[in-house]
Amino acid sequence: QVTLKESGPGILQPSQTLSLTCTFSGFSLSTYGMGVGWIRQPSGKGLEWLANIWWDDDKYYNPSLKNRLTISKDTSNNQAFLKITNVDTADTATYYCARIEGDNNYGYWGQGVMVTVSS
Amino acid sequence: NIVLTQSPASLAVILGQKATISCTASESVNKFGINLMHWYQQKPGQLPKILIYNEFSRAPGIPARFSGDEAELNFTLTIEPVEADDVATYYCQQGLTFPLTFGSGTKLEIK
């Protein structure tokens, strides 16, 4: 059974760094072809893709966030991470991690973690 | 970036009738003859759930009431017959080119 669960700070201040963790089970990021992505959704708005990481440590980022993103993984502990530097109120959203299936679709999603950026 | 234009933004359908949601891509999402267009359903307060992948393939457990099609960069998600449980926002997403992009969503309501 595949499960994913996100965790994060809940609230942080502008200019800080947001650190998110995705803890998953039912698959391994050391297995050929496996990958995890991060997607966010501001309240009442649509979905925005942020980044993907694969078993071989290949990574892709959304350039609209202008080099503020860093995705990484810990295969030993079945975790993936996302850091967003220099946050502002526009980064307030629910952040989801999801398993990448073939052809870059997301078959399994975590429940999401709400993050609020506020001074 | 590949832009996905979804329409309509909202849709009210009578129970048992057909709902048609459109997603037009700004350029081809075809890879080796397969359109990498995916559809998700997000019910109020819930996480997104994949319905259709690669244009027309239903994800496991998705009923045949949900179908996907394509004509000249215009992708369609059809729900027929619509049930009360289908109230949700539906998103298309292309998987061909980074950055991956989503449509803006279509909110389905029951009339």
# chains A, B, ... in the order shown; residues from 1 in each chain; ligands from 1
$ interface_residues --of "chain A" --to "chain B" --cutoff "12 Å" --atoms "only C-alpha atoms" --output "JSON, numbers by chain"
{"A": [4, 5, 37, 38, 39, 40, 41, 43, 44, 45, 46, 47, 48, 49, 50, 51, 52, 59, 60, 61, 62, 63, 64, 65, 94, 95, 96, 97, 98, 99, 100, 101, 102, 103, 104, 105, 106, 107, 108, 109, 110, 111, 112, 113]}
$ residues_around --residues "Met34 (chain A)" --least-positions-apart "5" --cutoff "6 Å" --atoms "only C-alpha atoms" --output "PyMOL selection string"
chain A and resi 29+54-55
$ select_by_dssp --residues "chain A" --states "strand (DSSP E or B)" --output "MDAnalysis selection string"
chainID A and resid 3:7 11:12 18:25 35:41 48:54 59:61 69:74 79:84 93:100 106:109 113:117
$ residues_around --residues "Pro8 (chain B)" --least-positions-apart "3" --cutoff "10 Å" --atoms "only C-alpha atoms" --output "ChimeraX atom specification"
/B:5,11,20-23,104-108
$ write_last_selection --atoms "all heavy atoms" --output "JSON list (two decimals), in the first residue's frame"
[["chain", "number", "residue", "atom", "x", "y", "z"],
["B", 5, "THR", "N", -5.41, 25.64, -21.35],
["B", 5, "THR", "CA", -6.57, 26.50, -21.16],
["B", 5, "THR", "C", -7.80, 25.63, -20.98],
["B", 5, "THR", "O", -8.23, 24.93, -21.90],
["B", 5, "THR", "CB", -6.76, 27.43, -22.37],
["B", 5, "THR", "OG1", -5.57, 28.20, -22.57],
["B", 5, "THR", "CG2", -7.93, 28.37, -22.14],
["B", 11, "LEU", "N", -19.45, 24.55, -14.31],
["B", 11, "LEU", "CA", -20.39, 23.79, -15.12],
["B", 11, "LEU", "C", -21.44, 23.21, -14.21],
["B", 11, "LEU", "O", -21.11, 22.58, -13.19],
["B", 11, "LEU", "CB", -19.61, 22.68, -15.83],
["B", 11, "LEU", "CG", -20.31, 21.70, -16.76],
["B", 11, "LEU", "CD1", -20.90, 22.45, -17.94],
["B", 11, "LEU", "CD2", -19.31, 20.66, -17.22],
["B", 20, "THR", "N", -19.05, 17.77, -20.05],
["B", 20, "THR", "CA", -17.90, 17.81, -20.95],
["B", 20, "THR", "C", -16.99, 18.97, -20.55],
["B", 20, "THR", "O", -17.42, 20.12, -20.50],
["B", 20, "THR", "CB", -18.35, 17.99, -22.41],
["B", 20, "THR", "OG1", -19.24, 16.93, -22.76],
["B", 20, "THR", "CG2", -17.15, 17.97, -23.34],
["B", 21, "ILE", "N", -15.75, 18.63, -20.27],
["B", 21, "ILE", "CA", -14.76, 19.62, -19.84],
["B", 21, "ILE", "C", -13.64, 19.64, -20.86],
["B", 21, "ILE", "O", -13.14, 18.58, -21.26],
["B", 21, "ILE", "CB", -14.21, 19.29, -18.44],
["B", 21, "ILE", "CG1", -15.35, 19.31, -17.42],
["B", 21, "ILE", "CG2", -13.10, 20.23, -18.04],
["B", 21, "ILE", "CD1", -14.97, 18.74, -16.05],
["B", 22, "SER", "N", -13.25, 20.83, -21.27],
["B", 22, "SER", "CA", -12.25, 20.99, -22.32],
["B", 22, "SER", "C", -10.93, 21.51, -21.77],
["B", 22, "SER", "O", -10.91, 22.31, -20.83],
["B", 22, "SER", "CB", -12.79, 21.95, -23.38],
["B", 22, "SER", "OG", -11.81, 22.22, -24.35],
["B", 23, "CYS", "N", -9.84, 21.07, -22.37],
["B", 23, "CYS", "CA", -8.49, 21.52, -22.01],
["B", 23, "CYS", "C", -7.71, 21.65, -23.31],
["B", 23, "CYS", "O", -7.43, 20.64, -23.97],
["B", 23, "CYS", "CB", -7.85, 20.52, -21.07],
["B", 23, "CYS", "SG", -6.12, 20.86, -20.63],
["B", 104, "SER", "N", -6.44, 25.50, -15.27],
["B", 104, "SER", "CA", -6.92, 26.34, -14.17],
["B", 104, "SER", "C", -8.07, 25.72, -13.40],
["B", 104, "SER", "O", -8.48, 26.22, -12.35],
["B", 104, "SER", "CB", -7.34, 27.71, -14.70],
["B", 104, "SER", "OG", -8.28, 27.54, -15.74],
["B", 105, "GLY", "N", -8.61, 24.63, -13.92],
["B", 105, "GLY", "CA", -9.66, 23.92, -13.19],
["B", 105, "GLY", "C", -11.06, 24.22, -13.70],
["B", 105, "GLY", "O", -11.34, 25.32, -14.17],
["B", 106, "THR", "N", -11.93, 23.22, -13.60],
["B", 106, "THR", "CA", -13.35, 23.36, -13.93],
["B", 106, "THR", "C", -14.15, 22.81, -12.77],
["B", 106, "THR", "O", -13.97, 21.65, -12.38],
["B", 106, "THR", "CB", -13.71, 22.58, -15.20],
["B", 106, "THR", "OG1", -13.03, 23.14, -16.32],
["B", 106, "THR", "CG2", -15.21, 22.60, -15.44],
["B", 107, "LYS", "N", -15.00, 23.65, -12.21],
["B", 107, "LYS", "CA", -15.82, 23.26, -11.07],
["B", 107, "LYS", "C", -17.14, 22.71, -11.56],
["B", 107, "LYS", "O", -17.91, 23.40, -12.25],
["B", 107, "LYS", "CB", -16.05, 24.46, -10.16],
["B", 107, "LYS", "CG", -16.73, 24.14, -8.84],
["B", 107, "LYS", "CD", -16.79, 25.36, -7.95],
["B", 107, "LYS", "CE", -17.40, 25.06, -6.60],
["B", 107, "LYS", "NZ", -17.43, 26.26, -5.72],
["B", 108, "LEU", "N", -17.41, 21.46, -11.21],
["B", 108, "LEU", "CA", -18.65, 20.80, -11.62],
["B", 108, "LEU", "C", -19.66, 20.81, -10.48],
["B", 108, "LEU", "O", -19.35, 20.39, -9.37],
["B", 108, "LEU", "CB", -18.36, 19.36, -12.04],
["B", 108, "LEU", "CG", -19.58, 18.50, -12.41],
["B", 108, "LEU", "CD1", -20.27, 19.06, -13.65],
["B", 108, "LEU", "CD2", -19.17, 17.05, -12.62]]
$ atom_distance --atom1 "CA of Leu15 (chain B)" --atom2 "CA of Phe66 (chain B)"
14.6 Å
$ atom_distance --atom1 "CA of Ser19 (chain A)" --atom2 "CA of Thr85 (chain A)"
8.7 Å
